[in-house]
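Data block below; observations after.
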Number of protein chains: 2
Amino acid sequence: MVDVNSTTPIHQVVIVGGGFGGLYAAQSLGRAPVQVTLIDKRNFHLFQPLLYQVATGTLSPADIASPLRGVLSKNKNTKVLLEEAVDIDPEQQKLKLLGQEIRYDTLIVATGVSHHYFGNDHWEDKAPGLKTVEDALEMRRRIFMAFEAAEKETDPQKRQAWLTFAIAGGGPTGVELAGAIAELAHNTLKEDFRNIDTTEAKILLLEGMDRILPPYPPELSAKAEKSLHELGVSVQTNSLVTNITEDAVTVRRKEGEEIIPTRTLLWAAGVKASGMGEILAQRTGVERDRAGRVIVEADLSVPGYPNIFAIGDLAHFAHQDGKPLPGVAPVAMQQGEYVAKVIQNRFKQKEYPPFHYVDFGSLAVIGRHAAVVDLGFIQFSGFIAWLFWVFVHIYFLIEFDNKLIVMIQWGWNYFTRKRGARLITGEKGKMLLEIKGGGDYHLPEAEKETLEV
Amino acid sequence: MVDVNSTTPIHQVVIVGGGFGGLYAAQSLGRAPVQVTLIDKRNFHLFQPLLYQVATGTLSPADIASPLRGVLSKNKNTKVLLEEAVDIDPEQQKLKLLGQEIRYDTLIVATGVSHHYFGNDHWEDKAPGLKTVEDALEMRRRIFMAFEAAEKETDPQKRQAWLTFAIAGGGPTGVELAGAIAELAHNTLKEDFRNIDTTEAKILLLEGMDRILPPYPPELSAKAEKSLHELGVSVQTNSLVTNITEDAVTVRRKEGEEIIPTRTLLWAAGVKASGMGEILAQRTGVERDRAGRVIVEADLSVPGYPNIFAIGDLAHFAHQDGKPLPGVAPVAMQQGEYVAKVIQNRFKQKEYPPFHYVDFGSLAVIGRHAAVVDLGFIQFSGFIAWLFWVFVHIYFLIEFDNKLIVMIQWGWNYFTRKRGARLITGEKGKMLLEIKGGGDYHLPEAEKETLEV
């Protein structure tokens, strides 16, 4: 255990990653007798559970992002470093960053996960995932650009491909994306186009398992499916994506393969551990699971290295009931707080009980006023569940940054059905050239001469 | 004049550009017996007067952008086309777009202006201007990245270069940018860093003329300069930018040239007419002024082509007092409305009097609670001017899209001095590599070993 007294240098805690795990660890150490350095590639914490609302044009990135320096500015023992970790030397207790090297006494690795295309990394360009602000803006660009391209396309088949939105993966992110796109097509954009009827858009939710939201109780999966149907989403279970091209997705079912023409496929089907997982494994010999997550001890440390912790989505913790904990924000938050307590107890030479996750339940939102909630002792869905979902998300969102704006924006959207953030942005000029190259949307000669009213 | 009756095809009005001029023209024609096609490269109207607040981290792009389709959805005679105009055939009355060609009976060109580097186009990379959402996000990235780089830099001279922000051009945009950056350095970010004191940042406003805000009365220029000094901005008049490199700007004064080390130079010094100005000149022979603006007739039409109008920043209109009208939003709005009336009067075979600009005055904001206002009959500055500025901007901003959020966000920022939108975003990974390449910010060996508290 670490021995601390006034003559030794101050204990250095280095945290890699400013997500829920890293940030909660840093905040819990804010008044501890240690020097904390929080390292992140980005200068903000991202409230990922609401990222799909950026992707579908309801919120702006800044609405769900909190500048890390601002969040931690009052913790005088804490430094924020805009850097990227590239290697670890556990024997020397050093972390190699892109631009420097720093020493640690305790290291907390909380670098999360990235998309996983199950060996088909070349799908990434065709089917973007949803992990970063840039991912969300790219999804937003594709979704709204597809409606624009459909408006210009005169070939009915090609037009239908632009108006077909396929979402791979029926977990919470896929369900939320599908619901939000259905609302766009059926409500928000209904009056905005002249050549297309946006309510004819097809929104397909493709799930490889036999039901959506597989970790939830079957009754809630059924209720979510029913709500999605009412919004106009075609939920297709037992449907595995086996190929993706620029203008189609191939789906394998029991009956055989189907090729569905679509210009917009969004990926919500899988994640794998970030690169730090592999580096940890190489340098410490820690075992990893199939998704690359680091299999941690009961106190979340890496076997053989009590001063290295892995927490959040990066960690595989299965000491509770044999099943690894899910990669959700509450697990990361609790693990961040737990590790902070372990570190502080070591100074007092006190043991701390193994990590125990308190499951407050799961929830997913389906469109404008429906959600499903599973609190373990009670399950409910519909409008009350939606209100509950809003309340929980606002509660955690405002914790860091008083994002009152988001609540007001939601209220506003709810009453007006507007989506003020449906901007197509990106590299200059890229937008138009892309659909020009992608689809042949030239108007026929007749229409060129007299545009119909 | 155009003859309209039930057997002839409906009159086609094509508007290029969805800025203030084009959008006001489209809205004013919303109930006219014409078919309107509004063409823009982007799917949103941008409230450019507030773009500097995106660049300095107060607002998000969506807060000051209104989707064009949403704004015009109720005008059933109006189509929005996401396209880019590339050529005009005035004899055939055709407009060539990137992906198609359309015919017009009346054409309104309102494509505005872009940055002008006075023959030094290679400066653009080093000193970005502020015209598009992408420009603003790039400025935002550079401003906040400069503080991050300074935090890491240990060489005092290099650190000071990161903490020096130079703004070229003392017009309203330059004044507003300088004021906002000064507030960032002196208030918002004050507690956020550990190695630097952000209040030591130098903010230089470089103006070639003998006073800032040259079009305003001299007393207001003096008041603006005083307010900027109080905010910590160094206002340098008679200071012409003559060279820009990656880490310095050369300024020519009466006393001679000075090379000022800075990593952040923002360009607010000049604009030139967009490419459509040149195309109009080539195809119609219309004369242009030094800034490339099209010199229009008293009814805003192009000489010899009564069915082609040029309005807004693109137009040079000097029929009022010999001086061309300034490139500001109110001119464009009034010209858009005027042209819509001219077109409708032509159907009634009625002449319409020449365009007359009603000048309601000018205003510019300086930081959190000061502004200067010149209404012609009265000039005032300070807090009352700031409130007036807020009121006017909100009034016009909510016209299209009920951007109530912006008002609330402002109120929030005003009371908390927070800036929630200070995200560094952009191409993946670009951010860190850039400052790595740009400046040597490696920590010295000693500091690597024991990071100080």
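Every chain in the structure tokens takes a letter, A first, then B, and so on in the order presented; its residues are numbered from 1, and the ligands are numbered from 1 following the presented order.
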
Produce the least-squares-superposed copy of chain B, fitted on chain A over all in-order C-alpha pairs, as a compact mmCIF listing (two decimals) with C-alpha atoms, in the first residue's frame.
```
# COMPACT_ATOMS: atom_id res chain seq x y z
CA MET B 1 0.19 0.30 0.12
CA VAL B 2 1.16 3.88 -0.47
CA ASP B 3 2.81 5.71 2.37
CA VAL B 4 2.18 9.41 2.52
CA ASN B 5 3.74 12.01 4.79
CA SER B 6 4.92 15.57 4.49
CA THR B 7 8.43 14.77 3.23
CA THR B 8 7.52 12.49 0.33
CA PRO B 9 6.33 13.97 -2.97
CA ILE B 10 2.60 14.19 -3.35
CA HIS B 11 0.86 11.08 -4.67
CA GLN B 12 0.19 11.36 -8.41
CA VAL B 13 -3.10 10.00 -9.70
CA VAL B 14 -3.28 10.01 -13.49
CA ILE B 15 -6.66 9.40 -15.12
CA VAL B 16 -6.89 8.67 -18.84
CA GLY B 17 -10.27 9.55 -20.30
CA GLY B 18 -12.80 12.22 -19.36
CA GLY B 19 -15.97 10.17 -19.88
CA PHE B 20 -18.32 9.24 -17.07
CA GLY B 21 -15.77 6.93 -15.37
CA GLY B 22 -12.76 9.23 -15.52
CA LEU B 23 -14.68 12.37 -14.66
CA TYR B 24 -16.43 10.81 -11.65
CA ALA B 25 -13.07 9.49 -10.41
CA ALA B 26 -11.53 12.96 -10.78
CA GLN B 27 -14.41 14.67 -9.04
CA SER B 28 -14.35 12.18 -6.16
CA LEU B 29 -10.64 12.89 -5.67
CA GLY B 30 -11.19 16.67 -5.71
CA ARG B 31 -10.45 17.10 -2.03
CA ALA B 32 -8.14 14.11 -1.54
CA PRO B 33 -4.45 14.68 -0.60
CA VAL B 34 -3.30 13.73 -4.09
CA GLN B 35 -2.36 15.47 -7.31
CA VAL B 36 -4.84 14.50 -10.04
CA THR B 37 -4.07 14.75 -13.76
CA LEU B 38 -7.00 14.06 -16.07
CA ILE B 39 -5.93 13.37 -19.63
CA ASP B 40 -8.30 13.48 -22.57
CA LYS B 41 -7.95 13.92 -26.32
CA ARG B 42 -10.87 16.31 -26.25
CA ASN B 43 -11.41 19.41 -24.15
CA PHE B 44 -14.93 18.40 -23.14
CA HIS B 45 -16.89 15.66 -21.45
CA LEU B 46 -19.60 14.32 -23.72
CA PHE B 47 -22.98 13.22 -22.44
CA GLN B 48 -23.14 10.28 -24.83
CA PRO B 49 -26.65 9.05 -23.93
CA LEU B 50 -28.05 12.11 -25.75
CA LEU B 51 -25.70 12.01 -28.72
CA TYR B 52 -28.47 10.55 -30.91
CA GLN B 53 -30.36 13.84 -30.45
CA VAL B 54 -27.45 15.68 -32.06
CA ALA B 55 -27.43 13.13 -34.88
CA THR B 56 -31.12 13.73 -35.54
CA GLY B 57 -31.12 17.51 -35.35
CA THR B 58 -32.68 18.31 -31.98
CA LEU B 59 -29.67 19.38 -29.96
CA SER B 60 -26.34 21.03 -30.69
CA PRO B 61 -23.07 19.39 -29.61
CA ALA B 62 -22.46 22.07 -26.98
CA ASP B 63 -25.83 21.29 -25.38
CA ILE B 64 -24.53 17.89 -24.29
CA ALA B 65 -20.85 18.70 -23.78
CA SER B 66 -19.20 20.22 -20.74
CA PRO B 67 -15.70 21.72 -20.99
CA LEU B 68 -13.51 19.54 -18.73
CA ARG B 69 -11.54 22.53 -17.44
CA GLY B 70 -14.74 24.28 -16.48
CA VAL B 71 -16.13 21.24 -14.68
CA LEU B 72 -12.91 20.72 -12.68
CA SER B 73 -11.76 24.35 -12.29
CA LYS B 74 -12.60 24.48 -8.58
CA ASN B 75 -10.54 21.36 -7.78
CA LYS B 76 -7.19 22.99 -7.19
CA ASN B 77 -5.43 19.61 -6.89
CA THR B 78 -6.53 18.73 -10.42
CA LYS B 79 -4.91 19.41 -13.75
CA VAL B 80 -6.51 18.80 -17.11
CA LEU B 81 -4.17 17.80 -19.91
CA LEU B 82 -5.33 17.85 -23.53
CA GLU B 83 -3.28 14.88 -24.67
CA GLU B 84 -3.49 11.38 -26.03
CA ALA B 85 -2.07 8.35 -24.22
CA VAL B 86 -0.08 6.07 -26.51
CA ASP B 87 1.78 3.66 -24.20
CA ILE B 88 2.25 2.53 -20.60
CA ASP B 89 5.37 1.43 -18.77
CA PRO B 90 3.97 -0.26 -15.64
CA GLU B 91 7.41 -1.02 -14.18
CA GLN B 92 8.64 2.58 -14.39
CA GLN B 93 5.10 3.81 -13.61
CA LYS B 94 5.13 6.06 -16.63
CA LEU B 95 2.49 6.93 -19.18
CA LYS B 96 3.64 7.91 -22.64
CA LEU B 97 1.57 10.61 -24.28
CA LEU B 98 1.70 11.97 -27.80
CA GLY B 99 3.76 14.97 -26.76
CA GLN B 100 5.32 14.04 -23.43
CA GLU B 101 5.71 11.40 -20.76
CA ILE B 102 4.32 11.55 -17.22
CA ARG B 103 4.90 9.53 -14.10
CA TYR B 104 2.07 8.16 -11.99
CA ASP B 105 1.68 6.56 -8.60
CA THR B 106 -1.83 5.39 -9.44
CA LEU B 107 -3.21 5.08 -12.96
CA ILE B 108 -6.89 4.95 -13.85
CA VAL B 109 -7.60 3.92 -17.43
CA ALA B 110 -11.09 4.90 -18.57
CA THR B 111 -10.77 5.20 -22.33
CA GLY B 112 -14.02 3.46 -23.23
CA VAL B 113 -14.93 1.80 -26.48
CA SER B 114 -15.22 2.54 -30.17
CA HIS B 115 -17.37 1.09 -32.96
CA HIS B 116 -16.94 -2.53 -33.87
CA TYR B 117 -17.73 -3.79 -37.34
CA PHE B 118 -17.00 -7.45 -36.57
CA GLY B 119 -14.05 -7.71 -38.89
CA ASN B 120 -15.55 -5.44 -41.55
CA ASP B 121 -13.72 -2.21 -40.80
CA HIS B 122 -14.26 -1.10 -44.40
CA TRP B 123 -17.95 -0.67 -43.51
CA GLU B 124 -17.13 2.35 -41.37
CA ASP B 125 -17.30 4.85 -44.25
CA LYS B 126 -20.62 3.48 -45.43
CA ALA B 127 -22.24 3.01 -42.02
CA PRO B 128 -21.01 5.55 -39.47
CA GLY B 129 -21.28 4.77 -35.77
CA LEU B 130 -22.19 7.18 -32.98
CA LYS B 131 -19.47 7.80 -30.42
CA THR B 132 -18.09 11.30 -30.98
CA VAL B 133 -19.47 14.75 -31.75
CA GLU B 134 -18.02 14.41 -35.24
CA ASP B 135 -19.81 11.07 -35.67
CA ALA B 136 -23.10 12.71 -34.71
CA LEU B 137 -22.62 15.62 -37.11
CA GLU B 138 -21.75 13.17 -39.88
CA MET B 139 -24.94 11.19 -39.16
CA ARG B 140 -26.93 14.42 -39.11
CA ARG B 141 -25.42 15.44 -42.44
CA ARG B 142 -26.27 12.08 -44.01
CA ILE B 143 -29.83 11.97 -42.71
CA PHE B 144 -30.79 15.46 -43.89
CA MET B 145 -28.80 15.16 -47.10
CA ALA B 146 -30.73 12.00 -47.94
CA PHE B 147 -34.02 13.94 -47.88
CA GLU B 148 -32.43 16.65 -50.06
CA ALA B 149 -31.18 14.08 -52.55
CA ALA B 150 -34.59 12.38 -52.64
CA GLU B 151 -36.21 15.74 -53.38
CA LYS B 152 -34.01 16.08 -56.46
CA GLU B 153 -34.14 12.47 -57.64
CA THR B 154 -36.72 11.68 -60.31
CA ASP B 155 -36.12 7.95 -60.70
CA PRO B 156 -38.66 6.41 -58.28
CA GLN B 157 -36.43 3.51 -57.29
CA LYS B 158 -33.43 5.68 -56.59
CA ARG B 159 -35.64 8.10 -54.73
CA GLN B 160 -36.92 5.30 -52.52
CA ALA B 161 -33.33 4.28 -51.73
CA TRP B 162 -32.66 7.84 -50.53
CA LEU B 163 -35.83 7.66 -48.44
CA THR B 164 -34.86 4.35 -46.82
CA PHE B 165 -33.02 4.63 -43.53
CA ALA B 166 -31.59 1.43 -42.08
CA ILE B 167 -30.26 1.24 -38.55
CA ALA B 168 -28.13 -1.77 -37.70
CA GLY B 169 -28.50 -2.81 -34.08
CA GLY B 170 -31.59 -2.86 -31.88
CA GLY B 171 -29.98 -1.76 -28.62
CA PRO B 172 -30.92 1.53 -26.94
CA THR B 173 -28.96 3.66 -29.44
CA GLY B 174 -30.54 1.94 -32.44
CA VAL B 175 -34.02 2.21 -30.95
CA GLU B 176 -33.55 5.89 -30.14
CA LEU B 177 -32.14 6.70 -33.58
CA ALA B 178 -34.96 4.85 -35.36
CA GLY B 179 -37.62 6.60 -33.29
CA ALA B 180 -36.11 10.02 -33.89
CA ILE B 181 -35.76 9.54 -37.67
CA ALA B 182 -39.34 8.31 -37.87
CA GLU B 183 -40.49 11.49 -36.14
CA LEU B 184 -38.45 13.61 -38.52
CA ALA B 185 -40.04 11.95 -41.54
CA HIS B 186 -43.60 11.84 -40.23
CA ASN B 187 -43.78 15.16 -38.40
CA THR B 188 -40.94 17.65 -38.53
CA LEU B 189 -40.20 17.57 -42.25
CA LYS B 190 -43.69 16.77 -43.51
CA GLU B 191 -44.39 20.25 -44.96
CA ASP B 192 -40.86 21.09 -46.03
CA PHE B 193 -40.48 19.39 -49.41
CA ARG B 194 -42.31 19.84 -52.71
CA ASN B 195 -41.38 16.77 -54.77
CA ILE B 196 -41.37 14.08 -52.11
CA ASP B 197 -43.70 12.98 -49.36
CA THR B 198 -41.39 12.45 -46.39
CA THR B 199 -44.01 10.30 -44.66
CA GLU B 200 -43.26 7.66 -47.31
CA ALA B 201 -39.77 7.22 -45.88
CA LYS B 202 -38.96 3.70 -44.69
CA ILE B 203 -37.16 3.38 -41.39
CA LEU B 204 -35.79 -0.11 -40.79
CA LEU B 205 -34.40 -1.25 -37.47
CA LEU B 206 -32.30 -4.38 -38.08
CA GLU B 207 -31.54 -6.58 -35.09
CA GLY B 208 -29.69 -9.90 -35.26
CA MET B 209 -31.29 -11.36 -32.12
CA ASP B 210 -34.92 -12.41 -31.81
CA ARG B 211 -36.02 -9.16 -30.14
CA ILE B 212 -34.91 -5.54 -29.79
CA LEU B 213 -33.39 -4.27 -26.52
CA PRO B 214 -32.09 -7.78 -25.72
CA PRO B 215 -30.87 -6.95 -22.20
CA TYR B 216 -34.35 -5.78 -21.15
CA PRO B 217 -37.23 -8.00 -19.98
CA PRO B 218 -39.12 -9.48 -23.00
CA GLU B 219 -42.33 -7.57 -22.16
CA LEU B 220 -40.51 -4.24 -22.49
CA SER B 221 -38.93 -5.31 -25.77
CA ALA B 222 -42.43 -6.05 -27.04
CA LYS B 223 -43.73 -2.69 -25.86
CA ALA B 224 -40.81 -0.86 -27.45
CA GLU B 225 -41.46 -2.70 -30.70
CA LYS B 226 -45.12 -1.72 -30.59
CA SER B 227 -44.28 1.95 -29.95
CA LEU B 228 -41.80 1.93 -32.82
CA HIS B 229 -44.41 0.43 -35.16
CA GLU B 230 -46.80 3.22 -34.23
CA LEU B 231 -44.11 5.75 -35.11
CA GLY B 232 -43.68 4.11 -38.51
CA VAL B 233 -40.53 2.10 -37.88
CA SER B 234 -40.27 -1.36 -39.41
CA VAL B 235 -38.64 -3.49 -36.73
CA GLN B 236 -36.89 -6.51 -38.25
CA THR B 237 -35.52 -9.03 -35.74
CA ASN B 238 -33.45 -12.14 -36.56
CA SER B 239 -32.01 -9.93 -39.27
CA LEU B 240 -28.25 -9.89 -39.46
CA VAL B 241 -26.38 -7.35 -41.61
CA THR B 242 -23.94 -9.33 -43.77
CA ASN B 243 -22.88 -6.78 -46.36
CA ILE B 244 -22.98 -3.04 -46.90
CA THR B 245 -22.45 -1.17 -50.14
CA GLU B 246 -22.97 2.44 -51.08
CA ASP B 247 -26.56 1.89 -52.09
CA ALA B 248 -27.73 -1.29 -50.37
CA VAL B 249 -27.53 -3.40 -47.26
CA THR B 250 -27.66 -7.20 -47.30
CA VAL B 251 -29.64 -8.78 -44.49
CA ARG B 252 -29.57 -12.48 -43.61
CA ARG B 253 -32.72 -14.02 -42.17
CA LYS B 254 -33.93 -17.57 -41.65
CA GLU B 255 -35.75 -17.31 -44.98
CA GLY B 256 -32.57 -16.28 -46.76
CA GLU B 257 -30.77 -13.12 -47.76
CA GLU B 258 -32.44 -9.89 -48.78
CA ILE B 259 -30.73 -6.95 -50.46
CA ILE B 260 -32.41 -3.72 -49.37
CA PRO B 261 -31.63 -0.61 -51.42
CA THR B 262 -30.73 2.24 -49.06
CA ARG B 263 -28.40 5.23 -49.14
CA THR B 264 -28.33 5.67 -45.38
CA LEU B 265 -27.20 2.95 -43.03
CA LEU B 266 -26.40 3.91 -39.45
CA TRP B 267 -24.35 1.61 -37.27
CA ALA B 268 -25.45 0.91 -33.71
CA ALA B 269 -24.59 -2.77 -33.66
CA GLY B 270 -21.37 -3.20 -31.78
CA VAL B 271 -18.46 -1.74 -29.89
CA LYS B 272 -14.97 -2.87 -29.03
CA ALA B 273 -12.52 -1.74 -26.37
CA SER B 274 -10.40 1.31 -27.23
CA GLY B 275 -6.72 0.91 -28.10
CA MET B 276 -5.60 1.31 -24.48
CA GLY B 277 -7.11 -2.10 -23.77
CA GLU B 278 -4.64 -3.78 -26.09
CA ILE B 279 -1.73 -1.74 -24.72
CA LEU B 280 -2.67 -2.68 -21.16
CA ALA B 281 -2.79 -6.34 -22.18
CA GLN B 282 0.61 -6.16 -23.85
CA ARG B 283 2.31 -4.39 -20.98
CA THR B 284 0.66 -6.09 -17.98
CA GLY B 285 -0.46 -9.41 -19.43
CA VAL B 286 -4.04 -8.76 -18.34
CA GLU B 287 -6.62 -10.97 -20.04
CA ARG B 288 -9.30 -9.53 -22.27
CA ASP B 289 -12.73 -10.69 -23.38
CA ARG B 290 -13.94 -11.07 -26.97
CA ALA B 291 -14.81 -7.37 -27.20
CA GLY B 292 -11.27 -6.51 -26.06
CA ARG B 293 -12.35 -5.38 -22.60
CA VAL B 294 -9.85 -5.75 -19.78
CA ILE B 295 -10.86 -8.42 -17.23
CA VAL B 296 -10.34 -6.68 -13.90
CA GLU B 297 -10.01 -7.80 -10.28
CA ALA B 298 -12.81 -7.41 -7.77
CA ASP B 299 -11.39 -3.97 -6.84
CA LEU B 300 -11.23 -2.98 -10.55
CA SER B 301 -7.42 -3.15 -10.60
CA VAL B 302 -5.42 -4.95 -13.25
CA PRO B 303 -4.18 -8.36 -11.96
CA GLY B 304 -0.67 -7.98 -10.53
CA TYR B 305 -0.78 -4.19 -10.69
CA PRO B 306 -2.81 -2.87 -7.75
CA ASN B 307 -2.00 0.72 -8.76
CA ILE B 308 -3.50 0.38 -12.25
CA PHE B 309 -7.28 0.45 -12.54
CA ALA B 310 -9.49 -0.05 -15.58
CA ILE B 311 -13.05 1.26 -15.30
CA GLY B 312 -16.14 1.98 -17.35
CA ASP B 313 -16.81 0.53 -20.79
CA LEU B 314 -13.17 -0.58 -21.06
CA ALA B 315 -13.47 -2.91 -18.07
CA HIS B 316 -14.93 -6.40 -17.95
CA PHE B 317 -16.18 -6.88 -14.38
CA ALA B 318 -17.95 -10.17 -13.74
CA HIS B 319 -17.51 -10.66 -10.00
CA GLN B 320 -21.13 -9.96 -9.21
CA ASP B 321 -23.20 -12.65 -10.93
CA GLY B 322 -20.75 -14.04 -13.47
CA LYS B 323 -22.12 -11.84 -16.28
CA PRO B 324 -20.02 -8.79 -17.22
CA LEU B 325 -21.60 -5.46 -16.32
CA PRO B 326 -23.12 -3.58 -19.27
CA GLY B 327 -21.34 -0.64 -20.89
CA VAL B 328 -23.63 2.06 -19.57
CA ALA B 329 -23.04 5.38 -17.86
CA PRO B 330 -24.19 4.36 -14.33
CA VAL B 331 -21.62 1.52 -14.20
CA ALA B 332 -18.83 3.91 -15.21
CA MET B 333 -19.94 6.57 -12.70
CA GLN B 334 -20.07 4.12 -9.82
CA GLN B 335 -16.72 2.61 -10.78
CA GLY B 336 -15.09 6.04 -10.94
CA GLU B 337 -16.36 6.88 -7.48
CA TYR B 338 -15.36 3.45 -6.17
CA VAL B 339 -11.76 3.69 -7.37
CA ALA B 340 -11.42 7.14 -5.82
CA LYS B 341 -12.46 5.62 -2.49
CA VAL B 342 -10.06 2.68 -2.84
CA ILE B 343 -7.17 5.07 -3.44
CA GLN B 344 -8.04 7.21 -0.44
CA ASN B 345 -8.50 4.17 1.82
CA ARG B 346 -5.07 2.92 0.90
CA PHE B 347 -3.58 6.05 2.45
CA LYS B 348 -5.33 5.06 5.67
CA GLN B 349 -3.99 1.50 5.25
CA LYS B 350 -7.62 0.39 5.17
CA GLU B 351 -9.02 -2.33 2.98
CA TYR B 352 -12.08 -1.48 0.95
CA PRO B 353 -14.74 -4.05 -0.01
CA PRO B 354 -14.92 -5.27 -3.62
CA PHE B 355 -16.83 -3.19 -6.15
CA HIS B 356 -20.56 -3.79 -6.12
CA TYR B 357 -22.75 -2.31 -8.85
CA VAL B 358 -26.09 -0.97 -7.71
CA ASP B 359 -28.42 -1.35 -10.68
CA PHE B 360 -31.04 1.37 -10.70
CA GLY B 361 -32.51 0.02 -13.92
CA SER B 362 -32.45 0.63 -17.64
CA LEU B 363 -34.35 2.95 -19.89
CA ALA B 364 -34.64 3.78 -23.55
CA VAL B 365 -36.65 6.42 -25.33
CA ILE B 366 -38.83 5.88 -28.38
CA GLY B 367 -39.74 9.06 -30.13
CA ARG B 368 -41.40 12.14 -28.79
CA HIS B 369 -43.43 10.81 -25.92
CA ALA B 370 -42.76 7.16 -25.32
CA ALA B 371 -40.03 5.28 -23.52
CA VAL B 372 -39.47 1.99 -21.73
CA VAL B 373 -38.17 1.83 -18.19
CA ASP B 374 -37.01 -1.23 -16.25
CA LEU B 375 -36.21 -0.52 -12.61
CA GLY B 376 -35.95 -4.18 -11.69
CA PHE B 377 -38.79 -4.10 -9.20
CA ILE B 378 -41.06 -2.31 -11.69
CA GLN B 379 -41.31 -1.95 -15.45
CA PHE B 380 -43.30 0.67 -17.27
CA SER B 381 -43.58 2.31 -20.66
CA GLY B 382 -45.34 5.10 -22.54
CA PHE B 383 -45.63 8.75 -21.60
CA ILE B 384 -44.85 8.33 -17.90
CA ALA B 385 -41.71 6.41 -18.85
CA TRP B 386 -40.81 9.23 -21.22
CA LEU B 387 -41.18 11.83 -18.46
CA PHE B 388 -39.06 9.64 -16.20
CA TRP B 389 -36.43 9.37 -18.93
CA VAL B 390 -36.37 13.14 -19.41
CA PHE B 391 -36.05 13.70 -15.67
CA VAL B 392 -33.18 11.25 -15.24
CA HIS B 393 -31.25 12.61 -18.20
CA ILE B 394 -31.69 16.22 -17.19
CA TYR B 395 -30.67 15.35 -13.65
CA PHE B 396 -27.34 13.90 -14.72
CA LEU B 397 -26.81 16.39 -17.50
CA ILE B 398 -27.13 19.45 -15.31
CA GLU B 399 -24.86 17.96 -12.69
CA PHE B 400 -21.70 19.26 -14.33
CA ASP B 401 -22.76 22.25 -16.21
CA ASN B 402 -26.29 23.33 -15.40
CA LYS B 403 -27.47 22.65 -18.90
CA LEU B 404 -30.80 24.25 -18.25
CA ILE B 405 -30.91 25.14 -21.92
CA VAL B 406 -31.35 21.52 -22.88
CA MET B 407 -34.45 21.20 -20.75
CA ILE B 408 -35.92 24.32 -22.31
CA GLN B 409 -34.98 23.13 -25.78
CA TRP B 410 -36.71 19.87 -25.14
CA GLY B 411 -39.80 21.57 -23.84
CA TRP B 412 -39.76 23.77 -26.90
CA ASN B 413 -39.36 20.86 -29.29
CA TYR B 414 -42.03 18.95 -27.52
CA PHE B 415 -44.63 21.65 -28.00
CA THR B 416 -43.60 22.83 -31.43
CA ARG B 417 -42.22 19.60 -32.95
CA LYS B 418 -39.46 21.77 -34.33
CA ARG B 419 -35.91 20.64 -34.71
CA GLY B 420 -33.78 23.71 -34.87
CA ALA B 421 -30.46 21.94 -35.25
CA ARG B 422 -31.02 20.23 -38.58
CA LEU B 423 -28.00 21.88 -40.21
CA ILE B 424 -25.99 20.14 -42.86
CA THR B 425 -22.41 21.11 -42.08
CA GLY B 426 -18.98 19.75 -42.84
CA GLU B 427 -16.06 20.28 -45.13
CA LYS B 428 -16.60 23.14 -47.51
CA GLY B 429 -18.26 22.16 -50.72
CA LYS B 430 -18.17 18.48 -49.86
CA MET B 431 -21.92 18.32 -49.32
CA LEU B 432 -23.15 19.08 -52.79
CA LEU B 433 -20.49 17.22 -54.70
CA GLU B 434 -21.18 14.13 -52.69
CA ILE B 435 -24.80 13.72 -53.61
CA LYS B 436 -23.94 14.80 -57.12
CA GLY B 437 -21.51 11.93 -57.41
CA GLY B 438 -23.66 9.53 -55.46
CA GLY B 439 -26.95 9.68 -57.26
CA ASP B 440 -28.19 10.82 -60.62
CA TYR B 441 -30.68 13.44 -59.62
CA HIS B 442 -30.75 15.59 -62.74
CA LEU B 443 -34.19 16.84 -63.57
CA PRO B 444 -35.61 15.60 -66.87
CA GLU B 445 -35.56 18.06 -69.75
CA ALA B 446 -39.23 18.88 -69.43
CA GLU B 447 -38.95 19.81 -65.78
CA LYS B 448 -35.86 21.89 -66.44
CA GLU B 449 -37.85 24.13 -68.68
CA THR B 450 -40.88 24.71 -66.48
CA LEU B 451 -40.55 23.84 -62.87
CA GLU B 452 -43.95 22.75 -61.69
CA VAL B 453 -45.64 24.52 -58.79
```

Every residue of stretch 59-296 of chain A that DSSP places in strand (DSSP E), as a PyMOL selection string
chain A and resi 65-67+78-82+85-89+94-97+101-103+106-109+113-115+164-168+202-206+233-236+240-245+248-253+256-261+264-267+271-273+294-295

I need the residues of stretch 101-312 of chain B that end up classed as helix (DSSP H, G or I) by DSSP on the backbone, written out as a ChimeraX atom specification.
/B:121-123,133-152,156-162,172-188,198-200,218-231,275-284,312
